[in-house]
>>> print(open('target34.pdb').read())   # PDB, C-alpha atoms, pLDDT in the B column
MODEL        1
ATOM      1  CA  MET X  14      -0.024-126.398 -13.895  1.00 75.00           C
ATOM      2  CA  ARG X  15      -1.979-129.121 -12.183  1.00 77.00           C
ATOM      3  CA  GLU X  16       0.979-129.802  -9.873  1.00 83.00           C
ATOM      4  CA  GLN X  17       0.985-126.164  -8.657  1.00 84.00           C
ATOM      5  CA  PHE X  18      -2.791-126.214  -8.102  1.00 90.00           C
ATOM      6  CA  PRO X  19      -3.509-129.839  -7.104  1.00 88.00           C
ATOM      7  CA  ASP X  20      -6.761-129.062  -5.269  1.00 91.00           C
ATOM      8  CA  HIS X  21      -8.286-127.170  -8.193  1.00 93.00           C
ATOM      9  CA  ASP X  22      -9.963-128.148 -11.424  1.00 95.00           C
ATOM     10  CA  VAL X  23      -7.631-126.883 -14.176  1.00 96.00           C
ATOM     11  CA  GLU X  24      -9.119-126.553 -17.655  1.00 96.00           C
ATOM     12  CA  VAL X  25      -6.783-126.267 -20.652  1.00 95.00           C
ATOM     13  CA  ILE X  26      -8.348-125.315 -23.983  1.00 96.00           C
ATOM     14  CA  ARG X  27      -5.878-125.654 -26.853  1.00 95.00           C
ATOM     15  CA  ASP X  28      -6.269-123.601 -30.012  1.00 93.00           C
ATOM     16  CA  ALA X  29      -4.204-122.490 -33.008  1.00 93.00           C
ATOM     17  CA  ASP X  30      -2.529-119.702 -30.996  1.00 91.00           C
ATOM     18  CA  GLY X  31      -1.558-121.780 -27.932  1.00 95.00           C
ATOM     19  CA  ALA X  32      -3.904-122.508 -25.058  1.00 96.00           C
ATOM     20  CA  VAL X  33      -6.286-120.884 -22.617  1.00 97.00           C
ATOM     21  CA  VAL X  34      -5.896-122.044 -19.010  1.00 97.00           C
ATOM     22  CA  ILE X  35      -8.637-121.643 -16.387  1.00 97.00           C
ATOM     23  CA  ILE X  36      -8.036-122.611 -12.753  1.00 97.00           C
ATOM     24  CA  LYS X  37     -11.321-122.954 -10.884  1.00 97.00           C
ATOM     25  CA  ASN X  38     -12.181-122.169  -7.263  1.00 96.00           C
ATOM     26  CA  VAL X  39      -9.122-120.112  -6.349  1.00 96.00           C
ATOM     27  CA  HIS X  40      -9.236-118.127  -3.102  1.00 96.00           C
ATOM     28  CA  VAL X  41      -8.629-114.420  -3.704  1.00 97.00           C
ATOM     29  CA  GLY X  42      -9.038-113.292  -0.091  1.00 96.00           C
ATOM     30  CA  ASP X  43     -11.810-112.842   2.432  1.00 96.00           C
ATOM     31  CA  GLN X  44     -11.837-109.109   1.649  1.00 96.00           C
ATOM     32  CA  TYR X  45     -13.544-109.987  -1.658  1.00 97.00           C
ATOM     33  CA  GLU X  46     -17.046-111.180  -2.413  1.00 98.00           C
ATOM     34  CA  PRO X  47     -17.086-113.860  -3.591  1.00 98.00           C
ATOM     35  CA  SER X  48     -13.796-115.011  -2.084  1.00 97.00           C
ATOM     36  CA  LEU X  49     -13.614-117.992  -4.454  1.00 97.00           C
ATOM     37  CA  THR X  50     -13.505-117.454  -8.201  1.00 98.00           C
ATOM     38  CA  TRP X  51     -11.573-118.601 -11.280  1.00 98.00           C
ATOM     39  CA  LEU X  52      -8.201-117.451 -12.626  1.00 98.00           C
ATOM     40  CA  GLY X  53      -7.473-117.549 -16.346  1.00 98.00           C
ATOM     41  CA  PHE X  54      -4.755-116.661 -18.814  1.00 98.00           C
ATOM     42  CA  ARG X  55      -3.486-117.434 -22.310  1.00 97.00           C
ATOM     43  CA  LEU X  56      -0.323-119.331 -23.142  1.00 97.00           C
ATOM     44  CA  THR X  57       0.883-118.118 -26.531  1.00 95.00           C
ATOM     45  CA  GLY X  58       2.929-120.120 -28.990  1.00 93.00           C
ATOM     46  CA  ALA X  59       5.981-118.183 -27.736  1.00 94.00           C
ATOM     47  CA  TYR X  60       5.662-119.718 -24.238  1.00 95.00           C
ATOM     48  CA  PRO X  61       7.922-120.439 -22.338  1.00 95.00           C
ATOM     49  CA  ASN X  62      10.019-117.686 -23.914  1.00 95.00           C
ATOM     50  CA  ALA X  63       7.331-115.056 -23.354  1.00 92.00           C
ATOM     51  CA  ASP X  64       5.725-113.667 -20.200  1.00 94.00           C
ATOM     52  CA  VAL X  65       2.259-114.915 -19.315  1.00 96.00           C
ATOM     53  CA  TYR X  66       0.249-111.678 -19.338  1.00 95.00           C
ATOM     54  CA  PRO X  67      -2.393-110.562 -18.481  1.00 97.00           C
ATOM     55  CA  HIS X  68      -4.350-112.713 -16.020  1.00 98.00           C
ATOM     56  CA  TYR X  69      -8.100-112.645 -15.468  1.00 98.00           C
ATOM     57  CA  ILE X  70     -10.394-113.525 -12.583  1.00 98.00           C
ATOM     58  CA  GLY X  71     -14.148-113.613 -12.189  1.00 98.00           C
ATOM     59  CA  ARG X  72     -15.557-110.278 -11.119  1.00 98.00           C
ATOM     60  CA  VAL X  73     -15.342-109.703  -7.379  1.00 98.00           C
ATOM     61  CA  VAL X  74     -16.029-106.687  -5.187  1.00 97.00           C
ATOM     62  CA  ARG X  75     -14.238-105.528  -2.064  1.00 97.00           C
ATOM     63  CA  THR X  76     -16.290-106.127   1.083  1.00 97.00           C
ATOM     64  CA  ASP X  77     -15.266-102.681   2.404  1.00 96.00           C
ATOM     65  CA  GLY X  78     -16.709-101.018  -0.721  1.00 95.00           C
ATOM     66  CA  THR X  79     -13.436 -99.463  -1.909  1.00 95.00           C
ATOM     67  CA  ALA X  80     -12.442 -99.520  -5.568  1.00 95.00           C
ATOM     68  CA  HIS X  81      -9.819-101.789  -7.075  1.00 94.00           C
ATOM     69  CA  GLY X  82      -6.476-100.227  -7.994  1.00 90.00           C
ATOM     70  CA  SER X  83      -5.392 -99.078 -11.433  1.00 89.00           C
ATOM     71  CA  ALA X  84      -3.878-102.480 -12.300  1.00 94.00           C
ATOM     72  CA  VAL X  85      -7.388-104.035 -12.202  1.00 97.00           C
ATOM     73  CA  GLN X  86      -9.971-103.447 -14.928  1.00 96.00           C
ATOM     74  CA  SER X  87     -13.421-104.878 -15.622  1.00 96.00           C
ATOM     75  CA  VAL X  88     -13.464-106.608 -19.023  1.00 98.00           C
ATOM     76  CA  GLU X  89     -15.016-109.498 -20.915  1.00 98.00           C
ATOM     77  CA  TRP X  90     -12.706-112.503 -21.359  1.00 97.00           C
ATOM     78  CA  GLN X  91     -13.564-115.775 -23.071  1.00 95.00           C
ATOM     79  CA  SER X  92     -17.234-114.675 -23.233  1.00 96.00           C
ATOM     80  CA  ARG X  93     -17.484-114.149 -19.480  1.00 96.00           C
ATOM     81  CA  PRO X  94     -17.431-111.115 -17.187  1.00 98.00           C
ATOM     82  CA  ALA X  95     -13.944-110.761 -15.784  1.00 98.00           C
ATOM     83  CA  MET X  96     -11.381-108.542 -14.156  1.00 98.00           C
ATOM     84  CA  GLN X  97      -8.039-108.117 -15.890  1.00 98.00           C
ATOM     85  CA  LEU X  98      -5.066-108.186 -13.518  1.00 97.00           C
ATOM     86  CA  SER X  99      -2.118-106.397 -15.107  1.00 94.00           C
ATOM     87  CA  ARG X 100       1.073-107.759 -13.566  1.00 92.00           C
ATOM     88  CA  ARG X 101       3.815-107.846 -16.209  1.00 89.00           C
ATOM     89  CA  SER X 102       7.083-109.673 -15.483  1.00 88.00           C
ATOM     90  CA  ASN X 103       9.726-107.445 -17.036  1.00 86.00           C
ATOM     91  CA  GLY X 104      12.504-109.866 -16.109  1.00 88.00           C
ATOM     92  CA  TRP X 105      10.810-113.020 -17.451  1.00 93.00           C
ATOM     93  CA  ASN X 106      13.362-115.833 -17.585  1.00 94.00           C
ATOM     94  CA  PRO X 107      12.178-119.127 -19.140  1.00 92.00           C
ATOM     95  CA  SER X 108      14.827-121.072 -17.237  1.00 92.00           C
ATOM     96  CA  ARG X 109      13.174-120.215 -13.909  1.00 93.00           C
ATOM     97  CA  ASP X 110       9.741-118.657 -14.588  1.00 94.00           C
ATOM     98  CA  THR X 111       6.682-120.774 -15.364  1.00 95.00           C
ATOM     99  CA  ALA X 112       3.014-120.082 -16.023  1.00 96.00           C
ATOM    100  CA  ALA X 113       2.121-121.826 -12.752  1.00 95.00           C
ATOM    101  CA  LEU X 114       4.567-119.735 -10.727  1.00 94.00           C
ATOM    102  CA  LYS X 115       3.304-116.529 -12.356  1.00 96.00           C
ATOM    103  CA  ALA X 116      -0.321-117.510 -11.637  1.00 96.00           C
ATOM    104  CA  ALA X 117       0.504-118.111  -7.966  1.00 94.00           C
ATOM    105  CA  LYS X 118       2.301-114.739  -7.747  1.00 94.00           C
ATOM    106  CA  VAL X 119      -0.622-112.888  -9.360  1.00 96.00           C
ATOM    107  CA  LEU X 120      -3.069-114.516  -6.938  1.00 95.00           C
ATOM    108  CA  SER X 121      -0.863-113.627  -3.985  1.00 95.00           C
ATOM    109  CA  TRP X 122      -0.544-110.023  -5.193  1.00 95.00           C
ATOM    110  CA  PHE X 123      -4.322-109.666  -5.639  1.00 96.00           C
ATOM    111  CA  ALA X 124      -5.073-111.197  -2.226  1.00 93.00           C
ATOM    112  CA  GLU X 125      -2.826-108.556  -0.631  1.00 91.00           C
ATOM    113  CA  GLN X 126      -4.716-105.656  -2.245  1.00 87.00           C
TER     114      GLN X 126
ENDMDL
END
>>> encode(input="target34.pdb", output="structure tokens")
Amino acid sequence: MREQFPDHDVEVIRDADGAVVIIKNVHVGDQYEPSLTWLGFRLTGAYPNADVYPHYIGRVVRTDGTAHGSAVQSVEWQSRPAMQLSRRSNGWNPSRDTAALKAAKVLSWFAEQ
């Protein structure tokens, strides 16, 4: 994970069910305020054989005032206000898909919204 996001502080919190990963100071796009926030997700004990889903970011608003799409919901995650980004990988393949690659794809998708 740290190799995919070398310029970011990556926090990994291990627990009995796997680990929680939080990548700090990710850029989600200038169309959001704030444009820098965190990205988080849970790695279950089934990883790498299971999709990494869902992802969370700190709450941001669109600078043009429009609402987020249906794949984005306001929630609480890890005792912090968050937005859940629902981007399931139906064709998850552990021989090519990684948590870092999925995180980068989710960030790219959100930045294009």
>>> atom_distance(input="target34.pdb", atom1="CA of Val33 in chain X", atom2="CA of Leu56 in chain X")
6.2 Å
>>> closest_residue(input="target34.pdb", among="X:Asn62, X:Gln126, X:Asn103, X:Leu49", to="Asp77 in chain X", atoms="only C-alpha atoms")
X:Gln126
>>> closest_residue(input="target34.pdb", among="X:Arg101, X:Arg72, X:Lys115, X:Arg109", to="Trp51 in chain X", atoms="only C-alpha atoms")
X:Arg72
>>> closest_residue(input="target34.pdb", among="X:Gly104, X:Leu120, X:Glu16, X:Thr76", to="Asn38 in chain X", atoms="all atoms listed in the file")
X:Leu120
>>> resolve_selection(input="target34.pdb", expression="the PyMOL selection byres ((chain X and resi 123) around 12)", output="CSV table (one decimal) with C-alpha atoms, keeping the file's coordinate frame")
chain,number,residue,atom,x,y,z
X,39,VAL,CA,-9.1,-120.1,-6.3
X,40,HIS,CA,-9.2,-118.1,-3.1
X,41,VAL,CA,-8.6,-114.4,-3.7
X,42,GLY,CA,-9.0,-113.3,-0.1
X,43,ASP,CA,-11.8,-112.8,2.4
X,44,GLN,CA,-11.8,-109.1,1.6
X,45,TYR,CA,-13.5,-110.0,-1.7
X,48,SER,CA,-13.8,-115.0,-2.1
X,52,LEU,CA,-8.2,-117.5,-12.6
X,68,HIS,CA,-4.4,-112.7,-16.0
X,69,TYR,CA,-8.1,-112.6,-15.5
X,70,ILE,CA,-10.4,-113.5,-12.6
X,73,VAL,CA,-15.3,-109.7,-7.4
X,75,ARG,CA,-14.2,-105.5,-2.1
X,81,HIS,CA,-9.8,-101.8,-7.1
X,82,GLY,CA,-6.5,-100.2,-8.0
X,84,ALA,CA,-3.9,-102.5,-12.3
X,85,VAL,CA,-7.4,-104.0,-12.2
X,96,MET,CA,-11.4,-108.5,-14.2
X,97,GLN,CA,-8.0,-108.1,-15.9
X,98,LEU,CA,-5.1,-108.2,-13.5
X,99,SER,CA,-2.1,-106.4,-15.1
X,100,ARG,CA,1.1,-107.8,-13.6
X,116,ALA,CA,-0.3,-117.5,-11.6
X,117,ALA,CA,0.5,-118.1,-8.0
X,118,LYS,CA,2.3,-114.7,-7.7
X,119,VAL,CA,-0.6,-112.9,-9.4
X,120,LEU,CA,-3.1,-114.5,-6.9
X,121,SER,CA,-0.9,-113.6,-4.0
X,122,TRP,CA,-0.5,-110.0,-5.2
X,124,ALA,CA,-5.1,-111.2,-2.2
X,125,GLU,CA,-2.8,-108.6,-0.6
X,126,GLN,CA,-4.7,-105.7,-2.2
>>> atom_distance(input="target34.pdb", atom1="CA of Tyr60 in chain X", atom2="CA of Gly31 in chain X")
8.4 Å
>>> atom_distance(input="target34.pdb", atom1="CA of Asp30 in chain X", atom2="CA of Arg55 in chain X")
9.0 Å
